[in-house]
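This is model07.txt. It holds compact mmCIF, C-alpha atoms and all ligand atoms.
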```txt
# COMPACT_ATOMS: atom_id res chain seq x y z
CA MET A 1 -47.53 49.19 -40.88
CA ASN A 2 -48.35 45.49 -40.71
CA CYS A 3 -51.66 43.76 -39.86
CA GLN A 4 -50.83 43.38 -36.16
CA GLU A 5 -49.97 47.05 -35.78
CA PHE A 6 -53.13 47.94 -37.66
CA GLU A 7 -55.22 45.80 -35.34
CA GLU A 8 -53.81 47.65 -32.34
CA ILE A 9 -54.96 51.05 -33.57
CA VAL A 10 -58.13 50.28 -35.48
CA VAL A 11 -60.54 50.33 -32.51
CA GLU A 12 -59.39 53.68 -31.16
CA ALA A 13 -59.31 55.07 -34.70
CA ALA A 14 -62.87 53.90 -35.36
CA ARG A 15 -63.97 55.36 -32.04
CA GLY A 16 -62.38 58.67 -32.99
CA ARG A 17 -60.24 58.49 -29.86
CA SER A 18 -56.82 57.98 -31.42
CA ALA A 19 -54.19 60.66 -31.04
CA GLU A 20 -54.73 61.60 -34.66
CA GLY A 21 -58.53 61.60 -34.26
CA GLY A 22 -58.73 58.87 -36.89
CA LEU A 23 -56.53 56.46 -38.73
CA PRO A 24 -52.92 57.65 -39.15
CA ALA A 25 -51.52 57.89 -42.66
CA GLY A 26 -49.64 54.62 -42.29
CA GLY A 27 -52.85 52.86 -41.30
CA LEU A 28 -54.76 54.26 -44.25
CA ALA A 29 -52.06 53.14 -46.61
CA HIS A 30 -52.15 49.64 -45.11
CA ALA A 31 -55.94 49.40 -45.36
CA GLU A 32 -55.73 50.27 -49.07
CA THR A 33 -53.53 47.29 -49.75
CA CYS A 34 -54.88 44.74 -47.22
CA ALA A 35 -58.44 43.50 -47.72
CA ASP A 36 -58.63 41.93 -44.24
CA CYS A 37 -57.67 45.14 -42.49
CA ALA A 38 -59.95 47.18 -44.74
CA ALA A 39 -62.83 44.90 -43.67
CA ARG A 40 -61.72 45.22 -40.03
CA LEU A 41 -61.80 48.98 -40.32
CA ALA A 42 -65.22 48.97 -42.02
CA GLY A 43 -66.64 46.70 -39.30
CA GLN A 44 -65.30 48.84 -36.46
CA ARG A 45 -66.55 52.02 -38.10
CA ALA A 46 -70.00 50.50 -38.61
CA LEU A 47 -70.03 49.36 -35.00
CA SER A 48 -69.08 52.83 -33.77
CA ALA A 49 -71.87 54.30 -35.85
CA GLY A 50 -74.33 51.75 -34.47
CA LEU A 51 -73.28 52.40 -30.88
CA ARG A 52 -73.51 56.15 -31.41
CA ALA A 53 -77.00 55.71 -32.82
CA LEU A 54 -77.96 53.56 -29.84
CA ALA A 55 -76.55 56.13 -27.42
CA GLY A 56 -78.40 58.85 -29.30
CA SER A 57 -81.68 56.94 -29.11
CA MET A 58 -81.33 56.77 -25.34
CA ALA A 59 -79.85 60.21 -24.69
CA GLU A 60 -83.10 61.61 -23.36
CA GLN A 61 -83.88 58.62 -21.14
CA GLN A 62 -83.99 59.39 -17.47
CA ALA A 63 -85.60 58.17 -14.31
CA PRO A 64 -89.32 58.91 -14.10
CA GLY A 65 -90.28 61.99 -12.10
CA ARG A 66 -91.79 59.85 -9.36
CA VAL A 67 -88.31 58.75 -8.32
CA GLU A 68 -87.27 62.32 -7.56
CA SER A 69 -90.53 62.90 -5.72
CA ALA A 70 -90.02 59.85 -3.55
CA LEU A 71 -86.41 60.75 -2.86
CA ARG A 72 -87.30 64.33 -2.00
CA SER A 73 -89.93 63.05 0.42
CA ALA A 74 -87.35 60.81 2.00
CA PHE A 75 -84.92 63.70 2.30
CA ARG A 76 -87.55 66.08 3.64
CA GLY A 77 -88.53 63.58 6.28
CA GLN A 78 -85.27 63.97 8.10
CA THR A 79 -85.43 67.75 8.31
CA ALA A 80 -88.92 67.55 9.81
CA LEU A 81 -87.58 65.72 12.84
CA PRO A 82 -86.55 67.72 15.91
CA GLY A 83 -82.93 67.83 17.04
CA ARG A 84 -81.52 67.02 13.64
CA LYS A 85 -77.81 67.58 13.16
CA PRO A 86 -75.62 67.53 10.06
CA ALA A 87 -74.92 64.15 8.58
CA GLY A 88 -71.25 64.30 9.33
CA THR A 89 -71.82 64.45 13.06
CA ARG A 90 -74.23 61.61 13.68
CA ARG A 91 -76.21 58.84 12.08
CA TRP A 92 -79.04 61.01 10.85
CA TYR A 93 -79.79 58.80 7.94
CA GLY A 94 -81.71 56.35 10.06
CA TRP A 95 -84.07 59.10 11.13
CA ALA A 96 -84.30 60.50 7.65
CA ALA A 97 -85.18 57.23 6.12
CA LEU A 98 -87.47 56.33 9.02
CA ALA A 99 -89.44 59.51 8.67
CA ALA A 100 -89.55 59.08 4.92
CA ALA A 101 -90.70 55.52 5.18
CA CYS A 102 -93.40 56.48 7.67
CA LEU A 103 -94.52 59.32 5.43
CA ILE A 104 -94.60 57.12 2.38
CA LEU A 105 -96.24 54.22 4.16
CA GLY A 106 -98.84 56.67 5.45
CA VAL A 107 -99.54 57.87 1.93
CA VAL A 108 -99.83 54.30 0.74
CA THR A 109 -102.21 53.51 3.58
CA VAL A 110 -104.46 56.44 2.77
CA GLY A 111 -104.36 55.50 -0.91
CA ARG A 112 -105.35 51.96 -0.10
CA VAL A 113 -108.14 53.04 2.21
CA LEU A 114 -109.53 55.33 -0.47
CA SER A 115 -109.25 52.79 -3.27
CA GLY A 116 -110.52 49.82 -1.28
CA PRO A 117 -109.08 46.31 -1.16
CA ARG A 118 -107.32 44.94 -4.21
CA ALA A 119 -108.88 42.14 -6.17
CA PRO A 120 -106.98 38.95 -5.44
CA GLN A 121 -106.44 37.71 -9.00
CA ALA A 122 -103.04 38.22 -10.57
CA ARG A 123 -102.70 40.35 -13.69
CA PRO A 124 -100.17 39.67 -16.43
CA ARG A 125 -97.35 42.18 -16.28
CA PRO A 126 -96.68 44.15 -19.47
CA ALA A 127 -93.16 43.82 -20.87
CA VAL A 128 -92.56 47.55 -20.61
CA PRO A 129 -94.97 49.09 -18.13
CA ALA A 130 -95.67 52.71 -18.96
CA GLU A 131 -96.62 53.70 -15.45
CA ARG A 132 -96.15 51.85 -12.24
CA PRO A 133 -97.31 54.26 -9.59
CA GLY A 134 -96.30 51.96 -6.76
CA ARG A 135 -92.64 51.81 -7.71
CA ALA A 136 -91.42 55.18 -6.61
CA VAL A 137 -92.79 54.65 -3.15
CA LEU A 138 -90.64 52.36 -1.12
CA ALA A 139 -93.24 49.75 -0.44
CA GLU A 140 -96.40 48.26 -1.77
CA ALA A 141 -99.31 47.94 0.59
CA ARG A 142 -102.38 45.82 0.84
CA PRO A 143 -104.89 45.62 3.66
CA ALA A 144 -103.94 43.26 6.46
CA PRO A 145 -106.37 40.53 7.32
CA ALA A 146 -107.25 41.77 10.79
CA PRO A 147 -106.15 44.68 13.01
CA PRO A 148 -104.34 43.16 15.97
CA LYS A 149 -103.93 44.65 19.41
CA LEU A 150 -100.46 45.61 20.42
CA ARG A 151 -99.63 44.20 23.80
CA ARG A 152 -98.51 46.88 26.24
CA GLN A 153 -95.80 44.73 27.69
CA GLU A 154 -94.22 44.47 24.27
CA GLN A 155 -93.54 48.18 24.43
CA SER A 156 -92.22 48.15 27.94
CA SER A 157 -88.49 48.33 27.26
CA ARG A 158 -85.84 48.67 24.64
CA ALA A 159 -84.35 45.39 25.76
CA ALA A 160 -87.55 43.59 24.94
CA ALA A 161 -87.58 45.24 21.56
CA ARG A 162 -84.04 44.18 20.83
CA ARG A 163 -84.83 40.61 21.80
CA THR A 164 -87.82 40.63 19.51
CA VAL A 165 -85.85 42.12 16.66
CA ARG A 166 -83.29 39.37 16.99
CA ARG A 167 -86.06 36.83 16.87
CA VAL A 168 -87.52 38.11 13.63
CA ARG A 169 -84.16 38.37 11.92
CA GLN A 170 -84.36 34.71 11.03
CA PRO A 171 -84.44 33.90 7.30
CA LEU A 172 -87.79 34.63 5.78
CA GLY A 173 -89.60 32.56 3.24
CA GLY A 174 -91.77 29.53 2.90
CA GLU A 175 -95.19 29.45 4.44
CA GLU A 176 -96.51 32.70 5.88
CA GLN A 177 -96.30 32.84 9.65
CA GLU A 178 -96.91 35.89 11.77
CA ALA A 179 -94.25 36.85 14.29
CA GLU A 180 -94.94 39.08 17.24
CA PHE A 181 -95.11 42.82 16.77
CA VAL A 182 -91.87 44.67 17.36
CA PRO A 183 -92.15 48.21 18.68
CA LEU A 184 -90.48 50.83 16.53
CA LEU A 185 -88.59 53.16 18.83
CA TYR A 186 -88.21 56.84 18.03
CA GLY A 187 -85.20 57.65 20.13
CA SER A 188 -87.18 57.74 23.36
CA ALA A 189 -89.10 55.35 25.52
CA PRO A 190 -92.09 53.85 23.72
CA THR A 191 -95.44 55.35 24.51
CA PRO A 192 -98.46 53.23 25.37
CA LEU A 193 -100.71 52.41 22.46
CA ASP A 194 -104.09 50.80 22.61
CA GLY A 195 -104.65 50.23 18.96
CA GLY A 196 -104.16 51.52 15.47
CA GLN A 197 -104.37 50.44 11.90
CA VAL A 198 -102.34 47.58 10.52
CA VAL A 199 -101.23 47.59 6.92
CA ARG A 200 -99.59 44.67 5.21
CA LEU A 201 -96.62 45.75 3.13
CA ARG A 202 -93.82 44.41 1.05
CA LEU A 203 -90.73 46.20 2.29
CA PRO A 204 -87.43 46.25 0.43
CA PRO A 205 -84.24 46.09 2.54
CA SER A 206 -83.75 49.84 2.24
CA ALA A 207 -87.14 50.46 3.81
CA LEU A 208 -86.35 48.03 6.63
CA ALA A 209 -83.12 49.88 7.26
CA ALA A 210 -85.14 53.07 7.17
CA LEU A 211 -87.28 51.74 9.97
CA GLY A 212 -84.13 51.32 12.00
CA LEU A 213 -84.13 47.54 11.82
CA PRO A 214 -80.94 45.54 11.39
CA VAL A 215 -80.79 44.46 7.79
CA ASN A 216 -78.32 42.55 5.72
CA MET A 217 -78.05 45.02 2.84
CA SER A 218 -76.79 42.34 0.51
CA ARG A 219 -80.34 40.98 0.61
CA THR A 220 -82.38 42.21 -2.26
CA GLU A 221 -85.80 40.61 -1.84
CA ALA A 222 -88.66 42.52 -0.34
CA VAL A 223 -90.04 41.14 2.91
CA GLN A 224 -93.69 40.95 3.79
CA ALA A 225 -94.64 42.61 7.05
CA ASP A 226 -97.54 44.12 8.93
CA VAL A 227 -96.95 47.69 10.06
CA LEU A 228 -99.04 49.17 12.83
CA PHE A 229 -99.81 52.86 12.39
CA ALA A 230 -100.96 54.91 15.36
CA GLU A 231 -103.65 57.55 15.21
CA ASP A 232 -101.00 60.18 14.50
CA GLY A 233 -100.00 58.32 11.35
CA MET A 234 -96.65 57.20 12.71
CA ALA A 235 -95.53 53.62 12.28
CA ARG A 236 -95.34 52.23 15.81
CA ALA A 237 -94.72 48.52 15.39
CA ILE A 238 -93.90 45.94 12.82
CA ARG A 239 -94.20 42.21 12.53
CA PHE A 240 -92.78 40.03 9.82
CA LEU A 241 -94.53 37.26 7.99
CA ARG A 242 -92.47 34.17 7.51
CA MET B 1 -65.46 62.38 -14.48
CA THR B 2 -66.49 65.92 -15.25
CA GLU B 3 -69.57 67.51 -13.84
CA PRO B 4 -71.85 69.96 -15.62
CA GLY B 5 -71.81 73.66 -14.78
CA GLY B 6 -73.07 75.16 -11.53
CA ALA B 7 -71.91 74.41 -8.02
CA GLN B 8 -69.28 71.73 -7.59
CA ASP B 9 -70.37 68.30 -6.45
CA ASP B 10 -68.44 68.56 -3.20
CA GLU B 11 -70.10 71.85 -2.36
CA LEU B 12 -73.56 70.45 -3.09
CA LEU B 13 -72.75 67.36 -1.09
CA TRP B 14 -71.73 69.43 1.90
CA LEU B 15 -74.96 71.42 1.67
CA MET B 16 -76.94 68.23 1.29
CA MET B 17 -75.34 66.76 4.38
CA ASN B 18 -76.44 69.87 6.22
CA GLY B 19 -80.03 69.32 5.26
CA ASP B 20 -80.31 71.36 2.05
CA GLU B 21 -82.94 69.58 -0.02
CA GLU B 22 -82.27 71.69 -3.10
CA ALA B 23 -78.62 70.72 -3.01
CA PHE B 24 -79.67 67.08 -2.90
CA ALA B 25 -82.08 67.71 -5.79
CA ALA B 26 -79.31 69.41 -7.76
CA LEU B 27 -77.04 66.41 -7.28
CA TYR B 28 -79.87 64.08 -8.23
CA ARG B 29 -80.64 65.99 -11.41
CA ARG B 30 -77.00 66.19 -12.33
CA TRP B 31 -76.37 62.47 -12.12
CA GLN B 32 -79.67 60.61 -12.37
CA GLY B 33 -79.81 60.54 -16.18
CA GLY B 34 -76.46 58.84 -16.58
CA ILE B 35 -77.09 56.48 -13.68
CA TYR B 36 -80.51 55.53 -15.03
CA ARG B 37 -79.20 54.95 -18.57
CA PHE B 38 -76.27 52.94 -17.28
CA ALA B 39 -78.63 50.69 -15.30
CA LEU B 40 -81.04 50.46 -18.23
CA GLN B 41 -78.33 49.57 -20.74
CA MET B 42 -76.86 47.03 -18.36
CA SER B 43 -80.14 45.40 -17.34
CA GLY B 44 -82.43 45.99 -20.30
CA SER B 45 -85.17 46.58 -17.76
CA PRO B 46 -86.71 50.01 -17.13
CA SER B 47 -88.07 48.87 -13.78
CA ALA B 48 -84.66 47.63 -12.66
CA ALA B 49 -83.10 50.90 -13.84
CA GLU B 50 -85.65 52.82 -11.81
CA ASP B 51 -84.99 50.72 -8.72
CA VAL B 52 -81.25 51.09 -9.11
CA THR B 53 -81.48 54.86 -9.53
CA GLN B 54 -83.64 55.15 -6.43
CA GLU B 55 -81.31 52.94 -4.45
CA VAL B 56 -78.21 54.89 -5.52
CA PHE B 57 -79.59 58.16 -4.21
CA LEU B 58 -81.06 56.60 -1.07
CA THR B 59 -77.57 55.28 -0.42
CA LEU B 60 -76.13 58.74 -0.99
CA MET B 61 -78.65 60.12 1.48
CA ARG B 62 -77.85 57.44 4.06
CA ASP B 63 -74.14 56.99 3.62
CA ALA B 64 -72.82 60.26 2.21
CA ARG B 65 -70.13 60.14 4.90
CA ASN B 66 -68.72 57.05 3.22
CA TYR B 67 -67.80 59.02 0.12
CA ASP B 68 -64.12 59.89 0.15
CA PRO B 69 -63.23 62.56 -2.45
CA GLY B 70 -59.62 61.42 -2.20
CA ARG B 71 -60.53 58.10 -3.77
CA GLY B 72 -62.42 59.42 -6.77
CA SER B 73 -65.13 61.71 -8.02
CA LEU B 74 -68.67 61.71 -6.71
CA GLY B 75 -69.81 60.56 -10.14
CA ALA B 76 -67.58 57.52 -9.97
CA TYR B 77 -68.87 56.82 -6.45
CA LEU B 78 -72.48 56.97 -7.63
CA TYR B 79 -71.85 54.87 -10.75
CA GLY B 80 -70.00 52.42 -8.54
CA ILE B 81 -73.07 52.00 -6.33
CA ALA B 82 -75.23 51.62 -9.43
CA ARG B 83 -72.86 49.03 -10.82
CA ASN B 84 -73.00 46.95 -7.65
CA GLN B 85 -76.77 47.12 -7.64
CA VAL B 86 -76.99 46.11 -11.30
CA LEU B 87 -74.55 43.23 -10.89
CA ARG B 88 -76.56 41.97 -7.94
CA TRP B 89 -79.70 42.18 -10.05
CA LEU B 90 -78.02 40.29 -12.88
CA GLU B 91 -76.72 37.65 -10.50
CA ARG B 92 -80.26 36.96 -9.43
CA GLY B 93 -80.99 36.10 -13.05
CA ARG B 94 -83.54 38.83 -13.38
CA ALA B 95 -82.56 39.81 -16.90
CA ASP B 96 -85.92 38.63 -18.07
CA VAL B 97 -87.57 41.88 -19.07
CA PRO B 98 -86.62 43.07 -22.53
CA LEU B 99 -85.88 46.75 -23.01
CA SER B 100 -88.25 46.86 -25.93
CA GLY B 101 -89.86 44.37 -28.26
CA ALA B 102 -87.80 41.22 -28.03
CA PRO B 103 -87.62 39.00 -31.09
CA GLU B 104 -90.37 36.46 -31.25
CA ASP B 105 -89.69 32.74 -31.30
CA GLY B 106 -87.42 31.81 -34.14
CA GLU B 107 -86.66 35.40 -34.99
CA GLU B 108 -83.08 36.58 -34.67
CA ALA B 109 -81.85 40.06 -33.89
CA GLY B 110 -81.90 40.66 -37.61
CA LEU B 111 -79.81 43.19 -39.45
CA PRO B 112 -80.57 44.34 -42.94
CA ALA B 113 -77.41 43.38 -44.72
CA SER B 114 -76.10 43.83 -48.18
CA ALA B 115 -73.56 41.83 -50.09
CA ASP B 116 -71.08 44.70 -49.79
CA ASN B 117 -71.36 45.22 -46.07
CA PRO B 118 -72.63 42.27 -44.06
CA LEU B 119 -73.21 44.56 -41.06
CA GLY B 120 -75.53 46.76 -43.05
CA ASP B 121 -76.26 50.27 -41.93
CA LEU B 122 -76.07 50.05 -38.16
CA THR B 123 -77.69 53.42 -37.68
CA ARG B 124 -81.08 52.31 -39.01
CA GLN B 125 -83.78 51.98 -36.39
CA GLU B 126 -84.17 48.22 -36.55
CA THR B 127 -80.44 47.75 -36.46
CA VAL B 128 -80.10 50.06 -33.49
CA GLU B 129 -82.39 47.60 -31.81
CA ALA B 130 -80.12 44.76 -32.91
CA VAL B 131 -77.09 46.57 -31.48
CA ARG B 132 -78.97 47.07 -28.24
CA ARG B 133 -79.72 43.36 -28.00
CA ALA B 134 -76.15 42.44 -28.87
CA VAL B 135 -74.88 44.71 -26.07
CA LEU B 136 -77.31 43.11 -23.63
CA ALA B 137 -76.07 39.67 -24.66
CA LEU B 138 -72.46 40.48 -23.72
CA PRO B 139 -71.04 39.09 -20.48
CA PRO B 140 -71.48 41.78 -17.79
CA HIS B 141 -67.81 42.80 -17.46
CA TYR B 142 -67.59 43.41 -21.21
CA ARG B 143 -71.02 45.00 -21.30
CA GLU B 144 -70.13 47.57 -18.66
CA ALA B 145 -67.03 48.58 -20.59
CA VAL B 146 -69.12 49.21 -23.72
CA VAL B 147 -71.86 51.00 -21.81
CA LEU B 148 -69.49 53.32 -19.97
CA CYS B 149 -66.96 53.99 -22.73
CA ASP B 150 -68.99 53.83 -25.93
CA LEU B 151 -72.55 54.62 -24.85
CA GLU B 152 -71.92 57.02 -21.97
CA GLU B 153 -68.70 58.23 -23.62
CA MET B 154 -66.60 58.13 -20.48
CA ASP B 155 -62.87 58.20 -20.97
CA TYR B 156 -60.86 55.20 -19.87
CA ALA B 157 -59.67 56.85 -16.66
CA ALA B 158 -63.22 57.63 -15.51
CA ALA B 159 -64.45 54.17 -16.44
CA ALA B 160 -61.52 52.65 -14.55
CA GLU B 161 -62.61 54.57 -11.43
CA VAL B 162 -66.11 53.18 -11.70
CA LEU B 163 -65.02 49.64 -12.48
CA GLU B 164 -62.22 49.74 -9.90
CA CYS B 165 -59.63 48.40 -12.31
CA SER B 166 -56.74 49.75 -14.35
CA VAL B 167 -57.08 51.82 -17.48
CA GLY B 168 -55.39 49.03 -19.39
CA THR B 169 -58.01 46.56 -18.22
CA VAL B 170 -60.82 48.87 -19.34
CA ARG B 171 -59.18 49.26 -22.72
CA SER B 172 -58.65 45.55 -23.26
CA ARG B 173 -62.19 44.71 -22.10
CA LEU B 174 -63.64 47.29 -24.45
CA HIS B 175 -61.63 45.96 -27.38
CA ARG B 176 -62.67 42.40 -26.62
CA ALA B 177 -66.27 43.49 -26.15
CA ARG B 178 -66.32 45.22 -29.52
CA GLY B 179 -64.92 42.11 -31.14
CA LEU B 180 -67.71 40.06 -29.58
CA LEU B 181 -70.31 42.60 -30.66
CA LEU B 182 -69.12 42.48 -34.25
CA GLU B 183 -69.21 38.71 -34.17
CA LYS B 184 -72.77 38.62 -32.82
CA LEU B 185 -73.97 41.21 -35.29
CA ARG B 186 -72.30 39.48 -38.20
CA VAL B 187 -73.86 36.13 -37.32
CA SER B 188 -77.25 37.78 -36.94
CA ALA B 189 -76.89 39.57 -40.26
CA GLU B 190 -75.94 36.38 -42.05
CA LYS B 191 -78.88 34.50 -40.56
CA GLU B 192 -81.19 37.30 -41.56
CA ALA B 193 -79.83 37.27 -45.10
CA SER B 194 -80.33 33.54 -45.47
CA LEU B 195 -83.84 33.78 -44.05
CA ARG B 196 -84.67 36.36 -46.67
CA LYS B 197 -83.42 34.09 -49.39
CA LEU B 198 -85.59 31.26 -48.08
CA ASN B 199 -88.62 33.43 -47.54
CA PRO B 200 -88.65 36.35 -49.97
CA ALA B 201 -92.23 37.30 -49.05
CA ARG B 202 -90.88 38.40 -45.70
CA CYS B 203 -89.11 41.28 -47.43
CA LEU B 204 -92.42 42.71 -48.62
CA ILE B 205 -93.62 43.32 -45.10
ZN ZN A 301 -53.59 43.92 -42.83
```
Just dump the structure as structure tokens.
Amino acid sequence: MNCQEFEEIVVEAARGRSAEGGLPAGGLAHAETCADCAARLAGQRALSAGLRALAGSMAEQQAPGRVESALRSAFRGQTALPGRKPAGTRRWYGWAALAAACLILGVVTVGRVLSGPRAPQARPRPAVPAERPGRAVLAEARPAPAPPKLRRQEQSSRAAARRTVRRVRQPLGGEEQEAEFVPLLYGSAPTPLDGGQVVRLRLPPSALAALGLPVNMSRTEAVQADVLFAEDGMARAIRFLR
Amino acid sequence: MTEPGGAQDDELLWLMMNGDEEAFAALYRRWQGGIYRFALQMSGSPSAAEDVTQEVFLTLMRDARNYDPGRGSLGAYLYGIARNQVLRWLERGRADVPLSGAPEDGEEAGLPASADNPLGDLTRQETVEAVRRAVLALPPHYREAVVLCDLEEMDYAAAAEVLECSVGTVRSRLHRARGLLLEKLRVSAEKEASLRKLNPARCLI
């Protein structure tokens, strides 16, 4: 065996993945007579050991329990809706995610109401946060400045809703501006609504999709929006802040 | 990509698509650990890994119909989603949160080295940390080969499914990645050794 042939087998041998499970006899003989290849072998073996140790140190790592809880809530949301059919037969995921988002947003709202408004000053973020209770939920909420009234005519037709959705699909960013509220339709004609509670949220694209809104899923930034919750706790309308 | 014991992935997936929450939970528990570790090792950020894991299973919930068993295993499908999410995260330049204590200013990813073996004992705790940082410093397409093949111990065929490339490409990327890792670790070890010579008091700490 020459140096080039040795180089071709040394990685797999050091990884213990060669056909022989290690270095073949010819390779061992070469390493005994060639200092360069012996060093190459020692380096690869040390690297394999280091990588195994790293893998071992992370073997127990897994997603925090709150992720499963949030996902289960999202999943459960869909089964709570009437008329649900198997996923293969229709686009149930929109409803699933919608219900989940409403459920989660409702929880966030209650949490915020109970804990009161957040102090405005920013806190330094720890390098490795031990607990971030807001992460597993799909959105982070803070109280909106003022509860608006939802105009009845805005809920009058699906066509109006679609027009409004198109309007708010413009790129977001820059100075905060409030768009008009867009009714969130639940598969039937919107019902009149005189008021409700508005919560300001940061919604990731997945949550927007969950609300049945057209979203470019290649977007990754969260979007700030006001969500109007009716008395029954359901999200009824949304407006984006630009 | 093999799956642990119990019901097959396809069976659980079918049940999940018919509204069985426990089937979804079983799939989640079967795959979340690997997905989370993959995202963590690729990003170095626990919060990013958490987001990626959540997004992978939300996608499964939403778009399970898009999974085609004829094109690969469910595991490869899930890792593929995770990979896309991680690459998007990396493209945004968000690799700013260290996995654990990053070296302070002027401090290298030091390796205790000896004259006999400049790489030292790579299984020691502090050197595990150095290996971790060296992996994170690899270009993403080399990093993912190391993470999948050496850290998650996938075989080349399974990694090729995830990375959507040939087995030969996985193999050559892994070999190149290991070469780069050795180079980084060797440089770090040599710097550490020379620092010790200049500042022997440091060794007493
Ligand atoms: Zn040689």
Neighbouring residues of ligand ZN 301 (chain A) are defined here as those with any atom at most 12 Å from a ligand atom, counting all atoms listed in the file; list them as a compact mmCIF listing (two decimals) with C-alpha atoms, in the coordinates of the input.
```txt
# COMPACT_ATOMS: atom_id res chain seq x y z
CA MET A 1 -47.53 49.19 -40.88
CA ASN A 2 -48.35 45.49 -40.71
CA CYS A 3 -51.66 43.76 -39.86
CA GLN A 4 -50.83 43.38 -36.16
CA GLU A 5 -49.97 47.05 -35.78
CA PHE A 6 -53.13 47.94 -37.66
CA GLU A 7 -55.22 45.80 -35.34
CA GLU A 8 -53.81 47.65 -32.34
CA ILE A 9 -54.96 51.05 -33.57
CA VAL A 10 -58.13 50.28 -35.48
CA GLY A 26 -49.64 54.62 -42.29
CA GLY A 27 -52.85 52.86 -41.30
CA LEU A 28 -54.76 54.26 -44.25
CA ALA A 29 -52.06 53.14 -46.61
CA HIS A 30 -52.15 49.64 -45.11
CA ALA A 31 -55.94 49.40 -45.36
CA GLU A 32 -55.73 50.27 -49.07
CA THR A 33 -53.53 47.29 -49.75
CA CYS A 34 -54.88 44.74 -47.22
CA ALA A 35 -58.44 43.50 -47.72
CA ASP A 36 -58.63 41.93 -44.24
CA CYS A 37 -57.67 45.14 -42.49
CA ALA A 38 -59.95 47.18 -44.74
CA ALA A 39 -62.83 44.90 -43.67
CA ARG A 40 -61.72 45.22 -40.03
CA LEU A 41 -61.80 48.98 -40.32
```
Just want the 10 Å neighbourhood of Asp155 in chain B, counted on all atoms listed in the file, with same-chain residues fewer than 2 positions away dropped. Output as a PyMOL selection string.
(chain A and resi 17) or (chain B and resi 1+148-150+152-153+157-160+167+170-171)
Smallest atom-to-atom distance to chain A: which of B:Asn66, B:Gln32, B:Thr169, B:Ser194, using only C-alpha atoms?
B:Gln32
Go ahead and find all residues with at least one atom no further than 7 Å from (-98.2, 45.2, 11.1) in the file's coordinates, using all atoms listed in the file; report them as a VMD selection string.
chain A and resid 181 198 to 200 225 to 228 237 to 239
Please, could you write that set of residues out with C-alpha atoms as a PDB file, keeping the file's coordinate frame?
```pdb
ATOM      1  CA  PHE A 181     -95.110  42.820  16.770  1.00  0.00           C
ATOM      2  CA  VAL A 198    -102.340  47.580  10.520  1.00  0.00           C
ATOM      3  CA  VAL A 199    -101.230  47.590   6.920  1.00  0.00           C
ATOM      4  CA  ARG A 200     -99.590  44.670   5.210  1.00  0.00           C
ATOM      5  CA  ALA A 225     -94.640  42.610   7.050  1.00  0.00           C
ATOM      6  CA  ASP A 226     -97.540  44.120   8.930  1.00  0.00           C
ATOM      7  CA  VAL A 227     -96.950  47.690  10.060  1.00  0.00           C
ATOM      8  CA  LEU A 228     -99.040  49.170  12.830  1.00  0.00           C
ATOM      9  CA  ALA A 237     -94.720  48.520  15.390  1.00  0.00           C
ATOM     10  CA  ILE A 238     -93.900  45.940  12.820  1.00  0.00           C
ATOM     11  CA  ARG A 239     -94.200  42.210  12.530  1.00  0.00           C
TER      12      ARG A 239
END
```
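Counting all atoms listed in the file, every residue of chain B that comes within 6 Å of chain A is listed here: Met17, Asn18, Gly33, Tyr36, Glu50, Arg62, Leu122, Thr123, Val128 and Leu151 of chain B.
For the pair CA of Val56 in chain B and CA of Ile81 in chain B, the interatomic distance is 6.0 Å.
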Please provide the set of residues having any atom within 10 Å of Gly72 in chain B, restricted to only C-alpha atoms, with same-chain residues fewer than 2 positions apart removed, written as number ranges by chain.
B: 1, 67-70, 74-77, 158, 161-162
